[in-house]
file final-v2.cif (mmCIF, C-alpha atoms and all ligand atoms)
data_start
#
loop_
_atom_site.label_atom_id
_atom_site.label_comp_id
_atom_site.auth_asym_id
_atom_site.auth_seq_id
_atom_site.Cartn_x
_atom_site.Cartn_y
_atom_site.Cartn_z
CA MET A 1486 -18.01 -11.86 -8.48
CA ALA A 1487 -15.24 -14.28 -7.59
CA PHE A 1488 -15.90 -17.46 -5.66
CA ILE A 1489 -14.13 -20.59 -4.49
CA ARG A 1490 -14.39 -23.73 -6.57
CA LYS A 1491 -13.37 -27.20 -5.42
CA GLN A 1492 -12.22 -29.68 -8.01
CA LYS A 1493 -11.35 -33.37 -7.49
CA SER A 1494 -8.33 -34.84 -9.21
CA ASN A 1495 -6.61 -38.18 -8.44
CA GLY A 1496 -8.68 -38.46 -5.24
CA LYS A 1497 -7.53 -35.06 -3.93
CA GLU A 1498 -9.51 -31.83 -3.65
CA TYR A 1499 -7.98 -28.67 -5.14
CA TYR A 1500 -9.22 -25.16 -4.40
CA TYR A 1501 -9.38 -22.26 -6.87
CA LEU A 1502 -10.62 -18.69 -6.80
CA VAL A 1503 -12.61 -18.37 -10.02
CA GLU A 1504 -14.72 -15.84 -11.85
CA LYS A 1505 -17.55 -16.80 -14.17
CA THR A 1506 -16.88 -15.49 -17.68
CA LYS A 1507 -19.59 -17.16 -19.81
CA LYS A 1508 -22.19 -19.82 -19.12
CA HIS A 1509 -20.23 -22.81 -17.68
CA LYS A 1510 -16.89 -21.01 -18.31
CA TYR A 1511 -14.65 -19.90 -15.45
CA LYS A 1512 -11.41 -17.96 -15.29
CA ILE A 1513 -9.00 -19.09 -12.56
CA LEU A 1514 -7.81 -16.04 -10.59
CA GLU A 1515 -5.80 -17.92 -7.96
CA SER A 1516 -4.92 -21.53 -7.17
CA TYR A 1517 -4.64 -22.60 -3.56
CA GLY A 1518 -3.50 -26.21 -3.94
CA THR A 1519 -5.06 -28.75 -1.60
CA SER A 1520 -5.58 -26.53 1.45
CA PRO A 1521 -8.79 -24.51 1.74
CA PRO A 1522 -8.12 -20.80 1.22
CA VAL A 1523 -8.07 -18.35 4.08
CA LYS A 1524 -8.11 -14.57 3.76
CA TYR A 1525 -7.23 -12.25 6.58
CA LYS A 1526 -9.29 -9.31 7.80
CA PRO A 1527 -6.96 -6.35 8.22
CA GLN A 1528 -6.26 -4.50 11.42
CA VAL A 1529 -7.27 -0.88 10.80
CA ILE A 1530 -6.03 1.43 13.55
CA LYS A 1531 -7.07 5.02 14.16
CA GLY A 1532 -4.18 7.13 15.35
CA PHE A 1533 -0.82 8.68 14.68
CA ALA A 1534 1.69 6.47 12.90
CA GLU A 1535 4.48 7.56 15.24
CA ALA A 1536 2.51 6.42 18.32
CA GLU A 1537 0.68 3.33 17.04
CA ILE A 1538 3.70 1.76 15.39
CA LYS A 1539 5.35 1.48 18.82
CA LYS A 1540 2.67 -1.06 19.83
CA ILE A 1541 3.63 -3.48 17.02
CA LEU A 1542 5.82 -6.41 18.08
CA ASP A 1543 9.50 -6.70 17.09
CA GLU A 1544 10.12 -8.46 13.76
CA SER A 1545 6.43 -9.20 13.18
CA VAL A 1546 5.92 -7.54 9.78
CA ASP A 1547 7.17 -8.89 6.42
CA LEU A 1548 6.67 -5.85 4.20
CA ILE A 1549 6.16 -2.12 4.77
CA ILE A 1550 4.66 0.25 2.21
CA LEU A 1551 4.50 3.92 3.21
CA ASP A 1552 2.90 6.82 1.42
CA PRO A 1553 3.64 9.68 3.80
CA PRO A 1554 2.03 13.10 3.44
CA TYR A 1555 4.35 15.49 1.61
CA GLY A 1556 4.45 17.89 -1.30
CA ILE A 1557 1.37 20.04 -1.15
CA ASN A 1558 2.73 23.40 -2.16
CA TYR A 1559 1.03 23.50 -5.50
CA ASP A 1560 -2.24 24.58 -6.88
CA THR A 1561 -4.77 21.77 -7.14
CA ASN A 1562 -8.37 21.25 -6.20
CA PHE A 1563 -7.14 19.29 -3.20
CA ARG A 1564 -5.07 22.03 -1.68
CA GLN A 1565 -7.59 23.00 0.96
CA GLU A 1566 -8.19 19.44 2.05
CA GLU A 1567 -4.52 18.56 2.26
CA SER A 1568 -3.50 21.62 4.22
CA GLU A 1569 -6.20 21.27 6.82
CA THR A 1570 -5.14 20.73 10.40
CA ILE A 1571 -6.11 17.50 12.09
CA GLY A 1572 -5.70 17.58 15.84
CA ALA A 1573 -2.27 18.98 16.48
CA ILE A 1574 -0.78 17.91 13.19
CA SER A 1575 -0.67 19.96 10.07
CA LEU A 1576 -0.26 17.79 7.00
CA ASP A 1577 2.56 19.70 5.41
CA ASN A 1578 6.08 18.96 4.27
CA GLU A 1579 7.90 19.96 7.42
CA LYS A 1580 5.70 18.18 9.99
CA ILE A 1581 6.38 14.81 8.43
CA PHE A 1582 10.13 15.31 8.80
CA GLU A 1583 9.77 15.84 12.55
CA THR A 1584 8.15 12.45 13.11
CA PHE A 1585 9.51 10.43 10.19
CA PRO A 1586 12.87 9.52 11.79
CA ASP A 1587 11.02 7.86 14.71
CA VAL A 1588 8.65 6.07 12.37
CA ILE A 1589 11.53 4.72 10.30
CA ARG A 1590 13.44 3.54 13.39
CA GLU A 1591 10.27 1.68 14.46
CA CYS A 1592 9.85 0.26 10.94
CA TYR A 1593 13.30 -1.26 11.24
CA ARG A 1594 12.45 -2.78 14.63
CA ILE A 1595 9.16 -4.37 13.51
CA LEU A 1596 10.32 -5.55 10.06
CA LYS A 1597 11.54 -9.15 9.87
CA ASN A 1598 15.06 -9.77 8.72
CA ASN A 1599 15.18 -9.99 4.90
CA GLY A 1600 12.02 -7.87 4.63
CA ALA A 1601 11.50 -4.84 2.37
CA ILE A 1602 10.20 -1.30 2.68
CA TYR A 1603 8.82 0.89 -0.12
CA ILE A 1604 8.25 4.61 0.30
CA PHE A 1605 6.28 6.73 -2.15
CA SER A 1606 8.09 9.97 -2.64
CA ARG A 1607 8.83 12.77 -5.07
CA TRP A 1608 12.08 14.08 -6.54
CA ASP A 1609 12.21 17.13 -4.26
CA VAL A 1610 11.77 15.20 -0.98
CA SER A 1611 13.36 11.87 -1.91
CA GLU A 1612 16.79 12.87 -0.70
CA ARG A 1613 15.41 13.76 2.71
CA PHE A 1614 13.58 10.44 2.98
CA THR A 1615 16.62 8.45 1.88
CA SER A 1616 18.94 10.20 4.33
CA ILE A 1617 16.65 9.07 7.18
CA LEU A 1618 16.16 5.59 5.75
CA LYS A 1619 19.83 4.83 5.18
CA LYS A 1620 20.56 5.01 8.91
CA TYR A 1621 18.80 1.66 9.21
CA PHE A 1622 18.09 0.14 5.80
CA ASP A 1623 20.06 -0.78 2.75
CA ILE A 1624 18.68 1.38 -0.07
CA LYS A 1625 18.45 -0.64 -3.28
CA ASN A 1626 16.57 1.44 -5.86
CA ARG A 1627 14.67 4.52 -6.67
CA LEU A 1628 11.79 3.09 -8.68
CA ASN A 1629 10.09 5.35 -11.20
CA TRP A 1630 6.34 5.09 -11.25
CA VAL A 1631 5.39 6.43 -14.68
CA LYS A 1632 1.76 7.46 -14.90
CA ASN A 1633 -0.49 7.67 -17.92
CA ASN A 1634 -1.05 11.38 -17.32
CA TRP A 1635 0.47 14.11 -15.25
CA SER A 1636 -0.14 15.95 -12.00
CA MET A 1637 -1.06 19.59 -11.61
CA GLY A 1638 1.58 22.04 -10.44
CA ASP A 1639 2.95 25.30 -11.76
CA LEU A 1640 0.93 25.18 -14.93
CA THR A 1641 3.08 27.51 -16.98
CA GLY A 1642 6.55 27.61 -15.35
CA SER A 1643 7.56 23.96 -14.91
CA TYR A 1644 7.36 20.65 -16.71
CA ALA A 1645 4.30 18.56 -15.87
CA MET A 1646 5.23 15.72 -13.52
CA GLN A 1647 4.36 12.33 -14.95
CA CYS A 1648 6.66 10.35 -12.71
CA GLU A 1649 6.80 9.61 -8.97
CA ASP A 1650 9.64 8.08 -6.99
CA ILE A 1651 9.24 4.95 -4.93
CA ILE A 1652 12.25 4.30 -2.70
CA PHE A 1653 12.96 0.59 -2.26
CA ALA A 1654 15.08 -0.46 0.71
CA VAL A 1655 15.70 -3.70 2.57
CA LYS A 1656 16.71 -5.15 5.92
CA GLY A 1657 19.16 -7.98 5.28
CA ARG A 1658 18.98 -9.89 1.98
CA HIS A 1659 15.58 -9.51 0.35
CA ILE A 1660 14.87 -11.70 -2.67
CA LEU A 1661 12.30 -10.37 -5.13
CA ASN A 1662 9.64 -12.83 -6.29
CA GLU A 1663 8.86 -13.73 -9.88
CA GLY A 1664 12.21 -12.78 -11.38
CA ARG A 1665 13.80 -9.44 -12.11
CA ALA A 1666 11.80 -6.39 -13.13
CA THR A 1667 13.09 -3.00 -14.26
CA ASP A 1668 12.95 0.16 -12.17
CA VAL A 1669 10.33 1.68 -14.47
CA LEU A 1670 6.81 0.84 -13.35
CA ASN A 1671 4.06 1.84 -15.76
CA PHE A 1672 0.71 2.01 -14.02
CA ASP A 1673 -2.26 4.30 -14.69
CA ARG A 1674 -3.30 6.78 -12.07
CA VAL A 1675 -6.65 6.26 -10.38
CA GLY A 1676 -9.23 7.93 -12.63
CA GLY A 1677 -10.98 11.08 -11.42
CA ASN A 1678 -14.36 9.36 -11.01
CA SER A 1679 -12.96 6.61 -8.79
CA LEU A 1680 -10.74 8.90 -6.73
CA LEU A 1681 -11.58 8.75 -3.01
CA HIS A 1682 -8.36 10.39 -1.75
CA SER A 1683 -6.29 13.06 -3.47
CA HIS A 1684 -3.15 10.87 -3.17
CA GLN A 1685 -4.81 7.52 -3.81
CA LYS A 1686 -2.45 4.97 -5.31
CA PRO A 1687 -3.60 2.44 -7.90
CA ILE A 1688 -4.39 -1.06 -6.67
CA GLU A 1689 -2.54 -2.59 -9.67
CA LEU A 1690 0.70 -0.87 -8.61
CA LEU A 1691 0.29 -2.05 -5.01
CA ASN A 1692 -0.54 -5.57 -6.21
CA PHE A 1693 2.73 -5.53 -8.14
CA LEU A 1694 4.85 -4.39 -5.16
CA ILE A 1695 3.15 -6.71 -2.68
CA LYS A 1696 3.56 -9.74 -4.97
CA LYS A 1697 7.23 -8.89 -5.63
CA SER A 1698 8.09 -8.62 -1.94
CA SER A 1699 5.80 -10.92 0.07
CA LYS A 1700 3.93 -14.20 -0.03
CA ARG A 1701 0.47 -15.39 1.02
CA GLY A 1702 -0.01 -15.17 4.79
CA ASP A 1703 2.72 -12.52 5.22
CA CYS A 1704 1.94 -9.30 7.08
CA VAL A 1705 2.00 -5.92 5.27
CA LEU A 1706 1.99 -2.58 7.10
CA ASP A 1707 0.96 0.85 5.80
CA CYS A 1708 0.98 3.44 8.56
CA TYR A 1709 -0.28 6.37 6.42
CA ALA A 1710 -3.17 4.35 5.04
CA GLY A 1711 -5.26 7.11 3.39
CA SER A 1712 -8.12 5.47 1.51
CA GLY A 1713 -6.64 2.04 2.30
CA SER A 1714 -5.24 1.03 -1.10
CA THR A 1715 -2.36 -0.99 0.39
CA ILE A 1716 -4.70 -2.84 2.74
CA ILE A 1717 -7.26 -3.61 0.02
CA SER A 1718 -4.53 -5.02 -2.18
CA ALA A 1719 -2.99 -7.02 0.69
CA VAL A 1720 -6.35 -8.53 1.71
CA ASN A 1721 -7.22 -9.56 -1.82
CA LEU A 1722 -3.78 -11.14 -2.24
CA GLY A 1723 -4.22 -13.24 0.91
CA ARG A 1724 -1.82 -11.24 3.08
CA LYS A 1725 -2.40 -10.12 6.67
CA SER A 1726 -2.31 -6.35 6.96
CA ILE A 1727 -2.16 -3.45 9.36
CA GLY A 1728 -3.24 0.07 8.40
CA ILE A 1729 -2.84 3.20 10.52
CA GLU A 1730 -4.67 6.43 9.61
CA LEU A 1731 -5.58 9.43 11.72
CA ASN A 1732 -8.37 11.02 9.72
CA ASP A 1733 -11.92 9.72 10.39
CA LYS A 1734 -13.02 10.61 6.89
CA TYR A 1735 -10.43 8.24 5.42
CA LEU A 1736 -11.08 5.56 8.03
CA ASN A 1737 -14.72 5.50 6.89
CA ILE A 1738 -13.58 5.26 3.28
CA ILE A 1739 -11.32 2.31 4.18
CA ASN A 1740 -14.23 0.46 5.80
CA ASP A 1741 -16.48 1.13 2.79
CA ARG A 1742 -13.78 -0.04 0.38
CA LEU A 1743 -13.18 -3.21 2.38
CA GLU A 1744 -16.88 -4.04 2.16
CA LYS A 1745 -17.13 -3.31 -1.56
CA GLU A 1746 -13.72 -4.36 -2.87
CA CYS A 1747 -12.91 -7.30 -0.59
CA TYR A 1748 -15.57 -8.91 1.56
CA THR A 1749 -18.53 -8.91 -0.81
CA LYS A 1750 -16.44 -9.61 -3.90
CA ILE A 1751 -15.34 -13.04 -2.71
CA LYS A 1752 -17.70 -15.82 -1.75
CA GLY A 1753 -16.73 -19.05 -0.03
CA ILE A 1754 -13.57 -17.77 1.66
CA ASP A 1755 -12.82 -18.45 5.31
CA TRP A 1756 -12.06 -15.06 6.87
CA GLU A 1757 -9.67 -14.96 9.77
C1 LIG B 1 -0.43 10.39 0.91
S1 LIG B 1 -1.80 9.93 1.84
C2 LIG B 1 -1.94 8.16 1.62
C3 LIG B 1 -2.82 7.78 0.45
C4 LIG B 1 -2.95 6.29 0.27
N1 LIG B 1 -1.71 5.69 -0.20
C5 LIG B 1 -4.08 5.91 -0.66
O1 LIG B 1 -3.85 5.21 -1.66
O2 LIG B 1 -5.22 6.34 -0.40
C6 LIG B 1 -1.23 10.07 3.49
C7 LIG B 1 -2.27 9.81 4.55
O3 LIG B 1 -1.61 9.83 5.82
C8 LIG B 1 -2.47 10.37 6.79
N2 LIG B 1 -1.58 10.87 7.85
C9 LIG B 1 -0.90 12.02 7.90
N3 LIG B 1 -0.14 12.09 8.99
C10 LIG B 1 -0.34 10.93 9.67
C11 LIG B 1 0.17 10.38 10.89
N4 LIG B 1 1.06 11.03 11.61
N5 LIG B 1 -0.26 9.16 11.27
C12 LIG B 1 -1.16 8.48 10.52
N6 LIG B 1 -1.69 8.94 9.37
C13 LIG B 1 -1.28 10.14 8.94
C14 LIG B 1 -3.28 11.43 6.07
O4 LIG B 1 -4.52 11.63 6.69
C15 LIG B 1 -3.39 10.84 4.66
O5 LIG B 1 -4.63 10.18 4.49
#
call {"tool": "encode", "arguments": {"input": "final-v2.cif", "output": "structure tokens", "more": "lines below"}}
Ligand SMILES: C[S@@+](CC[C@H](N)C(=O)[O-])C[C@H]1O[C@@H](n2cnc3c(N)ncnc32)[C@H](O)[C@@H]1O
result
Amino acid sequence: MAFIRKQKSNGKEYYYLVEKTKKHKYKILESYGTSPPVKYKPQVIKGFAEAEIKKILDESVDLIILDPPYGINYDTNFRQEESETIGAISLDNEKIFETFPDVIRECYRILKNNGAIYIFSRWDVSERFTSILKKYFDIKNRLNWVKNNWSMGDLTGSYAMQCEDIIFAVKGRHILNEGRATDVLNFDRVGGNSLLHSHQKPIELLNFLIKKSSKRGDCVLDCYAGSGSTIISAVNLGRKSIGIELNDKYLNIINDRLEKECYTKIKGIDWE
């Protein structure tokens, strides 16, 4: 478990997030300088992205990470779950393209100038996402998330997909933190035993993107929150966050994850 440690030096108090490794040995996870650390409870909203995003104020978000529902026409154990109908919306490829242009227009409105947007995608839908995005944003890269193993699919008639696209676009001039990185991002998939959502993204990958494109206290939005990976990462990195998700099952998972992976893991933090 991580906790906050205060240390005095030259008459000043410094704050650190530390983890005990051995008896009397601590590993510093984060340094907060002389101000006491604050972490922000996320705003988790139940509803449709296209409706809820309209309630967010102009230029109030610093970073947007979207993992929209797409690409379910293949044979996996999750097929039934992903093709189920929730309310009036069917989670298939075409439905998302009816609402996505509105969502992207709203993303542009709520994103601060010089902010960034990342969209998880796949080679066969990327072009459709980028054609919507480029009406508003400056598209900078197609990042290649290379996974340690591959997805299911046509098991005998196509190559196994080990790579996913992440479209990176900006509003204004966005400067990446911590120097230049390449467009190949190697991160392991979430292991089968830990998988709470069929499209769950790894926390380490989200940590990487959030650190590259925001700073402590910034606000991160994910309006297709799923099991809440973006929000969990944002909370633990000291960012404010907003998550929108329409499925109750996943909203419950988000709340459980927040309890287990955020709130109870850190002692001595002031929550706002
Ligand atoms: C690809 S998954 C996101 C997975 C997430 N990145 C994670 O790590 O768990 C997309 C999610 O969007 C939700 N969704 C689909 N259409 C939506 C809509 N119009 N508004 C809000 N959520 C939606 C689905 O219920 C699903 O959980």
call {"tool": "residues_near_ligand", "arguments": {"input": "final-v2.cif", "ligand": "ligand LIG 1 (chain B)", "cutoff": "6 Å", "atoms": "all atoms listed in the file", "output": "list in words"}}
result
Gly1532, Phe1533, Ala1534, Asp1552, Pro1553, Pro1554, Leu1576, His1682, His1684, Gln1685, Lys1686, Cys1708, Tyr1709, Ala1710, Gly1711, Ser1712, Gly1713, Ser1714, Ile1729, Glu1730, Leu1731 and Asn1732 of chain A
call {"tool": "closest_residue", "arguments": {"input": "final-v2.cif", "among": "A:Asp1623, A:Glu1515, A:Asp1587, A:Glu1744", "to": "Ala1601 of chain A", "atoms": "all atoms listed in the file"}}
result
A:Asp1623
call {"tool": "atom_distance", "arguments": {"input": "final-v2.cif", "atom1": "atom CA of Arg1594 of chain A", "atom2": "atom CA of Lys1540 of chain A"}}
result
11.2 Å
call {"tool": "residues_around", "arguments": {"input": "final-v2.cif", "residues": "segment 1606-1612 of chain A", "least_positions_apart": "5", "cutoff": "10 Å", "atoms": "only C-alpha atoms", "output": "list in words"}}
result
Leu1551, Asp1552, Pro1553, Pro1554, Tyr1555, Gly1556, Asn1578, Phe1582, Ile1617, Leu1618, Arg1627, Leu1628, Asn1629, Met1646, Cys1648, Glu1649, Asp1650, Ile1651 and Ile1652 of chain A
call {"tool": "residues_near_point", "arguments": {"input": "final-v2.cif", "point": "(-1.2, -10.7, 6.6)", "cutoff": "9 Å", "atoms": "all atoms listed in the file", "output": "PyMOL selection string"}}
result
chain A and resi 1524-1527+1546-1547+1701-1706+1719-1720+1723-1727
call {"tool": "closest_residue", "arguments": {"input": "final-v2.cif", "among": "A:Val1655, A:Gly1600, A:Ser1636, A:Val1631", "to": "Leu1670 of chain A", "atoms": "all atoms listed in the file"}}
result
A:Val1631
call {"tool": "closest_residue", "arguments": {"input": "final-v2.cif", "among": "A:Leu1542, A:Ile1660, A:Ile1738, A:Ile1550", "to": "Thr1715 of chain A", "atoms": "only C-alpha atoms"}}
result
A:Ile1550
call {"tool": "atom_distance", "arguments": {"input": "final-v2.cif", "atom1": "atom CA of Tyr1500 of chain A", "atom2": "atom CA of Val1523 of chain A"}}
result
10.9 Å
call {"tool": "residues_around", "arguments": {"input": "final-v2.cif", "residues": "segment 1487-1492 of chain A", "least_positions_apart": "6", "cutoff": "10 Å", "atoms": "only C-alpha atoms", "output": "MDAnalysis selection string"}}
result
chainID A and resid 1498:1505 1511:1517 1519 1521:1522 1749:1754
call {"tool": "write_last_selection", "arguments": {"input": "final-v2.cif", "atoms": "C-alpha atoms", "output": "mmCIF file, in the frame of the given file"}}
result
data_model
loop_
_atom_site.group_PDB
_atom_site.id
_atom_site.type_symbol
_atom_site.label_atom_id
_atom_site.label_comp_id
_atom_site.auth_asym_id
_atom_site.auth_seq_id
_atom_site.Cartn_x
_atom_site.Cartn_y
_atom_site.Cartn_z
ATOM 1 C CA GLU A 1498 -9.510 -31.830 -3.650
ATOM 2 C CA TYR A 1499 -7.980 -28.670 -5.140
ATOM 3 C CA TYR A 1500 -9.220 -25.160 -4.400
ATOM 4 C CA TYR A 1501 -9.380 -22.260 -6.870
ATOM 5 C CA LEU A 1502 -10.620 -18.690 -6.800
ATOM 6 C CA VAL A 1503 -12.610 -18.370 -10.020
ATOM 7 C CA GLU A 1504 -14.720 -15.840 -11.850
ATOM 8 C CA LYS A 1505 -17.550 -16.800 -14.170
ATOM 9 C CA TYR A 1511 -14.650 -19.900 -15.450
ATOM 10 C CA LYS A 1512 -11.410 -17.960 -15.290
ATOM 11 C CA ILE A 1513 -9.000 -19.090 -12.560
ATOM 12 C CA LEU A 1514 -7.810 -16.040 -10.590
ATOM 13 C CA GLU A 1515 -5.800 -17.920 -7.960
ATOM 14 C CA SER A 1516 -4.920 -21.530 -7.170
ATOM 15 C CA TYR A 1517 -4.640 -22.600 -3.560
ATOM 16 C CA THR A 1519 -5.060 -28.750 -1.600
ATOM 17 C CA PRO A 1521 -8.790 -24.510 1.740
ATOM 18 C CA PRO A 1522 -8.120 -20.800 1.220
ATOM 19 C CA THR A 1749 -18.530 -8.910 -0.810
ATOM 20 C CA LYS A 1750 -16.440 -9.610 -3.900
ATOM 21 C CA ILE A 1751 -15.340 -13.040 -2.710
ATOM 22 C CA LYS A 1752 -17.700 -15.820 -1.750
ATOM 23 C CA GLY A 1753 -16.730 -19.050 -0.030
ATOM 24 C CA ILE A 1754 -13.570 -17.770 1.660
#
call {"tool": "closest_residue", "arguments": {"input": "final-v2.cif", "among": "A:Ser1679, A:Asn1671, A:Asp1755, A:Gly1664", "to": "Gln1647 of chain A", "atoms": "all atoms listed in the file"}}
result
A:Asn1671
call {"tool": "build_atoms", "arguments": {"input": "final-v2.cif", "residues": "segment 1612-1626 of chain A", "atoms": "N, CA and C atoms", "output": "tab-separated table (two decimals), keeping the file's coordinate frame"}}
result
chain	number	residue	atom	x	y	z
A	1612	GLU	N	15.49	12.86	-1.35
A	1612	GLU	CA	16.79	12.87	-0.70
A	1612	GLU	C	16.63	12.92	0.82
A	1613	ARG	N	15.63	13.67	1.26
A	1613	ARG	CA	15.41	13.76	2.71
A	1613	ARG	C	14.91	12.43	3.26
A	1614	PHE	N	14.03	11.77	2.53
A	1614	PHE	CA	13.58	10.44	2.98
A	1614	PHE	C	14.75	9.45	3.00
A	1615	THR	N	15.55	9.45	1.94
A	1615	THR	CA	16.62	8.45	1.88
A	1615	THR	C	17.67	8.70	2.97
A	1616	SER	N	17.91	9.96	3.31
A	1616	SER	CA	18.94	10.20	4.33
A	1616	SER	C	18.47	9.67	5.69
A	1617	ILE	N	17.17	9.66	5.93
A	1617	ILE	CA	16.65	9.07	7.18
A	1617	ILE	C	16.70	7.54	7.08
A	1618	LEU	N	16.24	7.05	5.95
A	1618	LEU	CA	16.16	5.59	5.75
A	1618	LEU	C	17.52	4.90	5.86
A	1619	LYS	N	18.55	5.54	5.29
A	1619	LYS	CA	19.83	4.83	5.18
A	1619	LYS	C	20.53	4.65	6.52
A	1620	LYS	N	20.00	5.27	7.57
A	1620	LYS	CA	20.56	5.01	8.91
A	1620	LYS	C	20.27	3.57	9.33
A	1621	TYR	N	19.22	3.00	8.78
A	1621	TYR	CA	18.80	1.66	9.21
A	1621	TYR	C	18.81	0.64	8.06
A	1622	PHE	N	18.34	1.08	6.90
A	1622	PHE	CA	18.09	0.14	5.80
A	1622	PHE	C	19.15	0.27	4.71
A	1623	ASP	N	19.20	-0.78	3.91
A	1623	ASP	CA	20.06	-0.78	2.75
A	1623	ASP	C	19.21	-0.31	1.56
A	1624	ILE	N	19.51	0.85	1.01
A	1624	ILE	CA	18.68	1.38	-0.07
A	1624	ILE	C	19.09	0.73	-1.39
A	1625	LYS	N	18.13	0.14	-2.08
A	1625	LYS	CA	18.45	-0.64	-3.28
A	1625	LYS	C	18.12	0.10	-4.57
A	1626	ASN	N	16.99	0.79	-4.61
A	1626	ASN	CA	16.57	1.44	-5.86
A	1626	ASN	C	15.72	2.68	-5.59
